Structures are given as structure tokens and as C-alpha cells.
file input_4.cif (mmCIF, C-alpha atoms and all ligand atoms)
data_upload
loop_
_atom_site.label_atom_id
_atom_site.label_comp_id
_atom_site.auth_asym_id
_atom_site.auth_seq_id
_atom_site.Cartn_x
_atom_site.Cartn_y
_atom_site.Cartn_z
CA MET A 1 -149.87 -106.03 -137.72
CA LYS A 2 -151.74 -105.38 -140.95
CA GLN A 3 -149.94 -106.64 -144.05
CA PHE A 4 -149.74 -104.58 -147.21
CA ALA A 5 -149.47 -106.55 -150.43
CA ARG A 6 -149.13 -103.44 -152.59
CA ASN A 7 -145.54 -102.92 -153.71
CA THR A 8 -145.81 -99.39 -155.06
CA PRO A 9 -146.38 -96.85 -152.33
CA LYS A 10 -149.07 -94.21 -152.76
CA LEU A 11 -147.55 -90.75 -152.35
CA PRO A 12 -149.33 -87.51 -151.43
CA PRO A 13 -150.28 -85.31 -154.43
CA GLY A 14 -147.41 -83.38 -156.01
CA TYR A 15 -144.64 -85.91 -155.28
CA ARG A 16 -143.07 -88.28 -157.80
CA LEU A 17 -141.22 -91.54 -157.16
CA VAL A 18 -138.23 -93.25 -158.77
CA GLN A 19 -138.24 -96.87 -157.65
CA LEU A 20 -134.98 -98.79 -158.07
CA ASP A 21 -133.86 -102.31 -157.38
CA THR A 22 -130.28 -101.30 -156.64
CA VAL A 23 -128.26 -98.08 -156.55
CA ASP A 24 -125.01 -96.90 -154.97
CA SER A 25 -126.88 -94.56 -152.60
CA THR A 26 -130.33 -92.99 -152.89
CA ASN A 27 -128.78 -89.68 -151.72
CA GLU A 28 -126.22 -89.86 -154.54
CA GLU A 29 -128.95 -90.60 -157.08
CA ALA A 30 -131.00 -87.63 -155.82
CA LYS A 31 -127.91 -85.37 -156.09
CA ARG A 32 -127.19 -86.56 -159.64
CA ARG A 33 -130.75 -85.71 -160.62
CA ALA A 34 -130.51 -82.31 -158.87
CA ASP A 35 -127.39 -81.57 -160.94
CA MET A 36 -129.37 -82.39 -164.09
CA GLY A 37 -132.03 -79.83 -163.12
CA GLU A 38 -134.65 -82.09 -161.52
CA PRO A 39 -137.18 -79.67 -159.94
CA GLY A 40 -138.46 -82.02 -157.17
CA PRO A 41 -140.09 -82.88 -154.95
CA LEU A 42 -138.91 -86.34 -155.91
CA TRP A 43 -138.57 -89.52 -153.87
CA ILE A 44 -135.82 -92.00 -154.74
CA TRP A 45 -136.38 -95.45 -153.22
CA SER A 46 -134.17 -98.47 -153.66
CA ALA A 47 -134.48 -102.05 -152.40
CA ARG A 48 -130.72 -102.13 -151.83
CA GLN A 49 -127.70 -99.78 -151.82
CA SER A 50 -124.15 -100.79 -152.69
CA LYS A 51 -122.58 -97.70 -151.08
CA GLY A 52 -125.11 -96.52 -148.49
CA ARG A 53 -123.77 -93.48 -146.66
CA GLY A 54 -124.18 -92.42 -143.05
CA ARG A 55 -123.24 -89.16 -141.32
CA ALA A 56 -119.61 -88.07 -141.01
CA GLY A 57 -118.48 -90.16 -143.98
CA ARG A 58 -119.51 -93.44 -142.39
CA GLN A 59 -121.06 -96.25 -144.36
CA TRP A 60 -124.70 -97.27 -143.88
CA THR A 61 -125.19 -101.02 -144.03
CA SER A 62 -127.96 -101.55 -146.57
CA GLN A 63 -129.40 -105.06 -146.54
CA VAL A 64 -132.62 -105.89 -148.39
CA GLY A 65 -135.71 -105.58 -146.19
CA ASN A 66 -134.90 -102.18 -144.69
CA LEU A 67 -136.05 -98.82 -146.06
CA PHE A 68 -133.59 -96.69 -148.06
CA ALA A 69 -135.21 -93.56 -149.44
CA SER A 70 -134.24 -89.96 -150.21
CA ILE A 71 -136.31 -86.95 -151.07
CA LEU A 72 -135.05 -84.11 -153.26
CA LEU A 73 -136.55 -80.75 -152.35
CA ARG A 74 -136.04 -77.23 -153.61
CA PRO A 75 -137.36 -75.08 -150.77
CA ASN A 76 -137.83 -71.38 -151.39
CA CYS A 77 -135.53 -70.24 -148.57
CA THR A 78 -131.90 -69.48 -147.85
CA HIS A 79 -129.26 -72.18 -147.57
CA GLN A 80 -129.05 -71.48 -143.81
CA THR A 81 -132.81 -71.84 -143.29
CA ALA A 82 -132.77 -75.07 -145.30
CA GLY A 83 -130.38 -76.43 -142.63
CA GLN A 84 -133.38 -76.46 -140.25
CA LEU A 85 -134.58 -79.47 -142.21
CA ALA A 86 -132.16 -81.62 -140.16
CA LEU A 87 -134.46 -81.19 -137.16
CA VAL A 88 -137.59 -81.52 -139.31
CA ALA A 89 -136.22 -84.81 -140.69
CA GLY A 90 -135.77 -86.18 -137.16
CA ILE A 91 -139.38 -85.37 -136.28
CA ILE A 92 -140.63 -86.90 -139.54
CA THR A 93 -138.84 -90.20 -138.96
CA TYR A 94 -139.79 -90.32 -135.27
CA ASP A 95 -143.47 -89.82 -136.19
CA THR A 96 -143.26 -92.33 -139.03
CA ILE A 97 -141.96 -95.02 -136.69
CA SER A 98 -144.49 -94.04 -134.06
CA LYS A 99 -147.27 -94.67 -136.61
CA LEU A 100 -145.72 -98.01 -137.64
CA ILE A 101 -145.36 -99.51 -134.17
CA ALA A 102 -147.85 -100.52 -131.52
CA TYR A 103 -149.03 -97.99 -128.98
CA GLU A 104 -147.05 -99.53 -126.07
CA GLY A 105 -143.75 -99.07 -127.89
CA ARG A 106 -144.25 -95.37 -128.52
CA SER A 107 -143.18 -94.29 -125.03
CA ARG A 108 -139.77 -95.90 -125.72
CA LEU A 109 -139.10 -93.84 -128.86
CA LEU A 110 -136.63 -90.98 -128.51
CA LEU A 111 -134.86 -88.45 -130.71
CA LYS A 112 -131.15 -87.96 -130.05
CA TRP A 113 -129.44 -84.91 -131.49
CA PRO A 114 -129.04 -84.21 -134.30
CA ASN A 115 -131.57 -86.71 -135.66
CA ASP A 116 -131.09 -90.32 -134.58
CA VAL A 117 -134.28 -92.17 -133.76
CA LEU A 118 -133.87 -94.63 -130.89
CA LEU A 119 -136.16 -97.36 -129.64
CA ALA A 120 -135.34 -98.31 -126.05
CA ASP A 121 -132.00 -96.48 -126.54
CA GLU A 122 -131.08 -98.54 -129.63
CA LYS A 123 -130.79 -96.87 -133.03
CA VAL A 124 -133.63 -97.83 -135.35
CA ALA A 125 -133.26 -95.11 -138.00
CA GLY A 126 -130.88 -92.47 -139.26
CA MET A 127 -131.06 -89.52 -141.62
CA LEU A 128 -128.50 -87.84 -143.83
CA LEU A 129 -129.31 -84.28 -144.86
CA GLU A 130 -127.32 -82.78 -147.72
CA ASN A 131 -127.91 -79.09 -148.23
CA LEU A 132 -126.51 -78.40 -151.70
CA GLY A 133 -125.25 -74.98 -152.66
CA MET A 134 -126.65 -73.69 -155.91
CA ALA A 135 -126.11 -70.75 -158.24
CA GLU A 136 -127.72 -67.58 -156.85
CA ASP A 137 -130.51 -67.59 -159.38
CA ALA A 138 -131.51 -71.18 -158.71
CA ARG A 139 -133.43 -72.54 -155.76
CA SER A 140 -131.10 -74.48 -153.52
CA ALA A 141 -131.54 -78.22 -153.45
CA VAL A 142 -131.77 -80.31 -150.32
CA VAL A 143 -131.60 -84.09 -150.13
CA ILE A 144 -132.91 -85.87 -147.06
CA GLY A 145 -132.00 -89.56 -146.99
CA THR A 146 -133.70 -91.83 -144.49
CA GLY A 147 -132.77 -95.34 -143.47
CA ILE A 148 -135.18 -97.29 -141.26
CA ASN A 149 -134.13 -100.67 -139.85
CA LEU A 150 -137.22 -102.74 -140.57
CA ALA A 151 -135.91 -106.29 -140.95
CA ASN A 152 -132.23 -106.17 -139.95
CA TYR A 153 -129.62 -104.00 -138.27
CA PRO A 154 -125.83 -103.71 -138.16
CA GLU A 155 -123.92 -104.98 -135.16
CA ASP A 156 -120.61 -103.26 -135.93
CA ILE A 157 -121.47 -99.63 -135.20
CA PRO A 158 -120.41 -97.47 -132.23
CA GLN A 159 -123.86 -97.42 -130.68
CA PRO A 160 -126.34 -100.27 -130.27
CA ALA A 161 -128.89 -100.70 -133.07
CA ILE A 162 -132.14 -102.63 -133.48
CA CYS A 163 -134.82 -103.28 -136.09
CA LEU A 164 -138.61 -103.31 -135.87
CA GLU A 165 -138.78 -107.00 -136.70
CA ALA A 166 -136.99 -107.72 -133.43
CA TYR A 167 -140.18 -106.38 -131.80
CA GLY A 168 -142.31 -108.79 -133.81
CA LEU A 169 -143.32 -106.15 -136.39
CA THR A 170 -143.24 -107.21 -140.04
CA ILE A 171 -143.33 -104.01 -142.08
CA THR A 172 -142.58 -103.86 -145.79
CA PRO A 173 -140.34 -101.06 -147.13
CA ALA A 174 -143.23 -100.03 -149.43
CA HIS A 175 -145.55 -99.50 -146.49
CA ALA A 176 -142.86 -97.70 -144.47
CA LEU A 177 -142.22 -95.36 -147.43
CA GLU A 178 -145.91 -94.63 -147.81
CA VAL A 179 -146.09 -93.57 -144.15
CA LEU A 180 -142.78 -91.67 -144.39
CA ALA A 181 -143.97 -89.76 -147.48
CA ALA A 182 -147.29 -88.76 -145.89
CA THR A 183 -145.54 -87.67 -142.69
CA THR A 184 -142.94 -85.73 -144.68
CA ASP A 185 -145.64 -83.82 -146.52
CA GLU A 186 -147.37 -83.02 -143.21
CA TRP A 187 -144.23 -81.66 -141.52
CA LEU A 188 -142.93 -79.77 -144.57
CA LYS A 189 -146.22 -77.88 -144.60
CA ARG A 190 -145.88 -77.15 -140.86
CA TRP A 191 -142.27 -76.01 -141.29
CA ASN A 192 -143.47 -73.66 -144.04
CA GLU A 193 -139.99 -72.97 -145.45
CA GLY A 194 -138.74 -71.80 -142.06
CA ALA A 195 -141.64 -69.50 -141.10
CA SER A 196 -142.68 -71.88 -138.28
CA PHE A 197 -139.27 -72.93 -137.00
CA PRO A 198 -140.06 -72.10 -133.31
CA SER A 199 -142.87 -74.69 -133.31
CA ILE A 200 -140.61 -77.21 -135.09
CA ARG A 201 -138.00 -76.70 -132.38
CA ARG A 202 -140.64 -77.31 -129.70
CA ALA A 203 -141.88 -80.44 -131.49
CA TRP A 204 -138.30 -81.74 -131.61
CA LEU A 205 -137.79 -81.03 -127.88
CA ASP A 206 -141.04 -82.88 -127.06
CA ARG A 207 -139.63 -86.02 -128.69
CA ALA A 208 -136.14 -85.82 -127.14
CA GLY A 209 -134.71 -85.62 -123.65
CA PRO A 210 -134.91 -85.87 -120.78
CA VAL A 211 -133.00 -82.73 -119.82
CA GLY A 212 -130.13 -83.66 -117.52
CA ARG A 213 -129.33 -87.00 -119.18
CA LYS A 214 -125.58 -87.57 -119.23
CA LEU A 215 -124.03 -87.38 -122.70
CA VAL A 216 -120.63 -87.83 -124.27
CA VAL A 217 -119.96 -85.72 -127.37
CA GLN A 218 -117.18 -86.65 -129.78
CA LEU A 219 -115.93 -83.62 -131.74
CA GLY A 220 -113.06 -84.92 -133.87
CA ASP A 221 -110.36 -85.79 -131.33
CA GLU A 222 -112.08 -83.92 -128.52
CA THR A 223 -114.38 -85.79 -126.11
CA ILE A 224 -116.73 -83.63 -124.06
CA GLU A 225 -118.81 -84.92 -121.16
CA GLY A 226 -121.87 -83.13 -119.96
CA SER A 227 -125.61 -83.32 -119.67
CA TYR A 228 -128.36 -82.64 -122.18
CA ALA A 229 -129.77 -79.12 -121.80
CA GLY A 230 -132.05 -78.81 -124.83
CA LEU A 231 -131.51 -76.80 -128.02
CA ASP A 232 -130.61 -73.17 -128.58
CA LEU A 233 -133.00 -71.02 -130.63
CA GLY A 234 -131.27 -72.06 -133.86
CA GLY A 235 -131.47 -75.79 -133.10
CA ALA A 236 -127.89 -76.41 -131.91
CA LEU A 237 -127.39 -78.84 -129.00
CA GLN A 238 -126.90 -77.30 -125.55
CA LEU A 239 -124.52 -79.33 -123.40
CA LYS A 240 -124.09 -78.43 -119.73
CA THR A 241 -120.50 -79.14 -118.70
CA GLU A 242 -118.54 -78.42 -115.53
CA HIS A 243 -117.12 -75.35 -117.32
CA GLY A 244 -120.49 -73.95 -118.40
CA THR A 245 -122.93 -74.59 -121.23
CA ARG A 246 -121.48 -75.43 -124.64
CA THR A 247 -123.26 -75.02 -127.93
CA ILE A 248 -122.64 -78.03 -130.18
CA MET A 249 -123.13 -77.45 -133.91
CA ALA A 250 -121.74 -80.81 -135.11
CA GLY A 251 -120.42 -84.04 -133.64
CA ASP A 252 -121.39 -87.50 -132.49
CA VAL A 253 -123.51 -87.69 -129.40
CA PHE A 254 -123.69 -90.81 -127.20
CA PHE A 255 -125.50 -91.55 -123.98
CA ALA A 256 -122.95 -91.84 -121.16
CA PRO A 257 -122.56 -95.44 -119.97
C1 LIG A 301 -126.74 -91.84 -140.06
O1 LIG A 301 -127.38 -92.03 -139.04
O2 LIG A 301 -125.50 -91.95 -140.09
C2 LIG A 301 -127.45 -91.45 -141.33
C3 LIG A 301 -127.87 -92.65 -142.13
C4 LIG A 301 -128.64 -92.31 -143.40
C5 LIG A 301 -128.90 -93.54 -144.25
C6 LIG A 301 -129.81 -93.27 -145.40
S1 LIG A 301 -130.31 -94.74 -146.24
C7 LIG A 301 -131.01 -93.78 -147.52
C8 LIG A 301 -130.05 -92.64 -147.79
N1 LIG A 301 -129.01 -93.05 -148.71
C9 LIG A 301 -127.81 -93.07 -148.14
O3 LIG A 301 -126.75 -93.39 -148.73
N2 LIG A 301 -127.89 -92.67 -146.87
C10 LIG A 301 -129.25 -92.35 -146.50
#

call {"tool": "encode", "arguments": {"input": "input_4.cif", "output": "C-alpha cells", "more": "lines below"}}
Ligand code: BTN
result
Amino acid sequence: MKQFARNTPKLPPGYRLVQLDTVDSTNEEAKRRADMGEPGPLWIWSARQSKGRGRAGRQWTSQVGNLFASILLRPNCTHQTAGQLALVAGIITYDTISKLIAYEGRSRLLLKWPNDVLLADEKVAGMLLENLGMAEDARSAVVIGTGINLANYPEDIPQPAICLEAYGLTITPAHALEVLAATTDEWLKRWNEGASFPSIRRAWLDRAGPVGRKLVVQLGDETIEGSYAGLDLGGALQLKTEHGTRTIMAGDVFFAP
């Protein structure tokens, strides 16, 4: 694996970077800057987080050596359309990791709804999308936070996790961010503020699956068993159960043991 000595990532034209040594959460920092009128697109990258956040109010273990980065965007679209960025974010991180790892590993990469990236069924990255409501005359702000397990991974989470170093890959956070930023720019252009959502949905489906895989969905206190049946046209999970197909808009999804 090629080593990159450079510690400041090169970003595509038009993006700025705030590089921090420590912060509570890169998502929180991006939101604070959005509140102060930051126009974006702006990357916030920190070597460590003291209060890294995961989905559903969970914490995100944030040890030095992994990537913790958030991008603040102000897309010119409705709040609802901006929600499509959850699927776009999954594709971006999947493709970033695919570029970072060796060819043989790529067939073991998988997206699990809504946007976990798994390597051989173990979580290697997660994203937290925060779609912020704004005054009607202002462009809404969206923060997409990405955590990639490069050098270490937590062992105390409900689903198995892994890091790229466990596969013998030594990747610096700076290099991972450079690849993430280039891939983000590529997919934001393809998404085109929602105009190309059908092709985004297809790209997501190509990276997920297989259809028919047994899943367990946790919706608050409710546990639903079924099998993966793709996405509806809006990007919600389709779960085939013994009572018919259910559309899942939120929840935790696990592979059935
Ligand atoms: C999840 O899978 O639960 C989402 C994890 C998202 C973690 C990233 S790390 C960078 C950004 N800052 C945070 O506090 N969270 C996201």
C-alpha cells in the first residue's frame, strides 16, 4: 500500500477545510458554523472527537488513527429532497473504501440500509446525516458526518465491527479524507440536487443486497423479522415479512443470525 506523507489533504476546487486536533464532534462543529452563516461547502476534519455521535443518539468511539470528518452543504433543494443525501452518503463511503482497499477485498464490501458500510459483514464505516431546517429564505443546511475505521474499531457495539488495518492496510486519515472528498464531489454532481435520484437509487441497490437476505429490524420496542426486498422509489427499505411487504423509514437493521 502506497504511503502518503502529506498531512494536509488536497480537496477538489470549491471546497474549504477546517483541520482540528480535537473537537467534541465534527458534526456539532459543522452545525455551529452553519448557525453562524457559513455558506459551505466546508469540510471539518478532526484527529479526535471527545463526543463523537452515531445514529439514534448513540456514541461513536473516536480513537486517534480513524477518520472523523463532516461536510456542511447548502443544496438548492427542498428539505425532503436533501434527505436523499443519506443514500448518496452511503454510496460515497462505499466507493471511498473500495478505492482504498485492494481489488480482492472489493467483492466483500456491502451497503446495509440506511448507510452502513460493511466489509465481510463487519461494520467498517458509518455516516450521520443531519438535515437542518432553516428559515424559508435561506438555503437549508445539511451536515454529513463520516467515520471510517482505519486503525481501530469498537468491540462494544450491537453489530460486529472491523478496521482496515486488520486487513493489513495502513491508511492515514489525511489520505482517506482526500479520497472521501474527491468521491463526495463526484457523487454530489451526479445527484444534481435530486434531479438524478433514480440513478442514485440504482447505484445504491448495486452496492447492497442480496435480495432475500434475512434481516431483523429494530423499531423502538418492536422487532420485525423479514427479508431484504430492495428500496421503494423514495429510498425507504422494503422488508418482506410473513404479513406482506413493510416499508421501513427508520430503524436499526441487522442481518439475521
Ligand atoms: C453510525 O453509524 O451510527 C453513524 C456514525 C457517524 C460517525 C461520524 S464520525 C464524524 C462525524 N462526527 C460525529 O460525531 N459523528 C460522525

call {"tool": "closest_atom_pairs", "arguments": {"input": "input_4.cif", "of": "chain A", "to": "ligand LIG 301 (chain A)", "cutoff": "7 Å", "atoms": "all atoms listed in the file", "output": "Markdown table"}}
result
| residue | atom | partner | partner_atom | distance |
| --- | --- | --- | --- | --- |
| A:Ser25 | CA | A:LIG301 | O3 | 4.0 |
| A:Thr26 | CA | A:LIG301 | N1 | 4.4 |
| A:Asn27 | CA | A:LIG301 | N1 | 4.5 |
| A:Glu28 | CA | A:LIG301 | O3 | 6.8 |
| A:Lys51 | CA | A:LIG301 | O3 | 6.4 |
| A:Gly52 | CA | A:LIG301 | O3 | 3.5 |
| A:Arg53 | CA | A:LIG301 | O3 | 3.6 |
| A:Gly54 | CA | A:LIG301 | O2 | 3.3 |
| A:Arg55 | CA | A:LIG301 | O2 | 3.8 |
| A:Arg58 | CA | A:LIG301 | O2 | 6.6 |
| A:Trp60 | CA | A:LIG301 | C5 | 5.6 |
| A:Phe68 | CA | A:LIG301 | C7 | 3.9 |
| A:Ala69 | CA | A:LIG301 | C7 | 4.6 |
| A:Ser70 | CA | A:LIG301 | C8 | 5.5 |
| A:Asp116 | CA | A:LIG301 | O1 | 6.0 |
| A:Ala125 | CA | A:LIG301 | O1 | 6.7 |
| A:Gly126 | CA | A:LIG301 | O1 | 3.5 |
| A:Met127 | CA | A:LIG301 | C4 | 4.1 |
| A:Leu128 | CA | A:LIG301 | C4 | 4.5 |
| A:Gly145 | CA | A:LIG301 | C8 | 3.7 |
| A:Thr146 | CA | A:LIG301 | C6 | 4.2 |
| A:Gly147 | CA | A:LIG301 | S1 | 3.8 |

call {"tool": "write_last_selection", "arguments": {"input": "input_4.cif", "atoms": "C-alpha atoms", "output": "compact mmCIF listing (two decimals), in the coordinates of the input"}}
result
# COMPACT_ATOMS: atom_id res chain seq x y z
CA SER A 25 -126.88 -94.56 -152.60
CA THR A 26 -130.33 -92.99 -152.89
CA ASN A 27 -128.78 -89.68 -151.72
CA GLU A 28 -126.22 -89.86 -154.54
CA LYS A 51 -122.58 -97.70 -151.08
CA GLY A 52 -125.11 -96.52 -148.49
CA ARG A 53 -123.77 -93.48 -146.66
CA GLY A 54 -124.18 -92.42 -143.05
CA ARG A 55 -123.24 -89.16 -141.32
CA ARG A 58 -119.51 -93.44 -142.39
CA TRP A 60 -124.70 -97.27 -143.88
CA PHE A 68 -133.59 -96.69 -148.06
CA ALA A 69 -135.21 -93.56 -149.44
CA SER A 70 -134.24 -89.96 -150.21
CA ASP A 116 -131.09 -90.32 -134.58
CA ALA A 125 -133.26 -95.11 -138.00
CA GLY A 126 -130.88 -92.47 -139.26
CA MET A 127 -131.06 -89.52 -141.62
CA LEU A 128 -128.50 -87.84 -143.83
CA GLY A 145 -132.00 -89.56 -146.99
CA THR A 146 -133.70 -91.83 -144.49
CA GLY A 147 -132.77 -95.34 -143.47

call {"tool": "atom_distance", "arguments": {"input": "input_4.cif", "atom1": "atom CA of A:Asn76", "atom2": "atom CA of A:Gly194"}}
result
9.4 Å

call {"tool": "residues_around", "arguments": {"input": "input_4.cif", "residues": "A:Ala236", "least_positions_apart": "2", "cutoff": "9 Å", "atoms": "all atoms listed in the file", "output": "list of chain:residue names"}}
result
A:Trp113, A:Pro114, A:Gly230, A:Leu231, A:Asp232, A:Leu233, A:Gly234, A:Gln238, A:Thr247, A:Ile248, A:Met249, A:Ala250

call {"tool": "write_last_selection", "arguments": {"input": "input_4.cif", "atoms": "C-alpha atoms", "output": "mmCIF file, in the frame of the given file"}}
result
data_model
loop_
_atom_site.group_PDB
_atom_site.id
_atom_site.type_symbol
_atom_site.label_atom_id
_atom_site.label_comp_id
_atom_site.auth_asym_id
_atom_site.auth_seq_id
_atom_site.Cartn_x
_atom_site.Cartn_y
_atom_site.Cartn_z
ATOM 1 C CA TRP A 113 -129.440 -84.910 -131.490
ATOM 2 C CA PRO A 114 -129.040 -84.210 -134.300
ATOM 3 C CA GLY A 230 -132.050 -78.810 -124.830
ATOM 4 C CA LEU A 231 -131.510 -76.800 -128.020
ATOM 5 C CA ASP A 232 -130.610 -73.170 -128.580
ATOM 6 C CA LEU A 233 -133.000 -71.020 -130.630
ATOM 7 C CA GLY A 234 -131.270 -72.060 -133.860
ATOM 8 C CA GLN A 238 -126.900 -77.300 -125.550
ATOM 9 C CA THR A 247 -123.260 -75.020 -127.930
ATOM 10 C CA ILE A 248 -122.640 -78.030 -130.180
ATOM 11 C CA MET A 249 -123.130 -77.450 -133.910
ATOM 12 C CA ALA A 250 -121.740 -80.810 -135.110
#

call {"tool": "closest_residue", "arguments": {"input": "input_4.cif", "among": "A:Glu104, A:Asp121, A:Glu130, A:Glu155", "to": "A:Ala30", "atoms": "all atoms listed in the file"}}
result
A:Glu130

call {"tool": "closest_residue", "arguments": {"input": "input_4.cif", "among": "A:Ala256, A:Ala161, A:Ile224, A:Ile101", "to": "A:Gly244", "atoms": "all atoms listed in the file"}}
result
A:Ile224

call {"tool": "atom_distance", "arguments": {"input": "input_4.cif", "atom1": "atom CA of A:Tyr15", "atom2": "atom CA of A:Leu164"}}
result
26.8 Å

call {"tool": "residues_around", "arguments": {"input": "input_4.cif", "residues": "A:Thr245", "least_positions_apart": "4", "cutoff": "9 Å", "atoms": "all atoms listed in the file", "output": "MDAnalysis selection string"}}
result
chainID A and resid 226 229 238:241

call {"tool": "atom_distance", "arguments": {"input": "input_4.cif", "atom1": "atom CA of A:His79", "atom2": "atom CA of A:Glu193"}}
result
11.0 Å

call {"tool": "closest_residue", "arguments": {"input": "input_4.cif", "among": "A:Ile71, A:Leu169, A:Ala195, A:Ala34", "to": "A:Ile97", "atoms": "all atoms listed in the file"}}
result
A:Leu169

call {"tool": "closest_residue", "arguments": {"input": "input_4.cif", "among": "A:Pro198, A:Leu205, A:Ala182, A:Val117", "to": "A:Ile162", "atoms": "only C-alpha atoms"}}
result
A:Val117

call {"tool": "closest_residue", "arguments": {"input": "input_4.cif", "among": "A:Trp45, A:Gly209, A:Gln63, A:Arg201", "to": "A:Ala151", "atoms": "all atoms listed in the file"}}
result
A:Gln63

call {"tool": "closest_residue", "arguments": {"input": "input_4.cif", "among": "A:Thr61, A:Thr78, A:Ser46, A:Thr184", "to": "A:Gly133", "atoms": "only C-alpha atoms"}}
result
A:Thr78
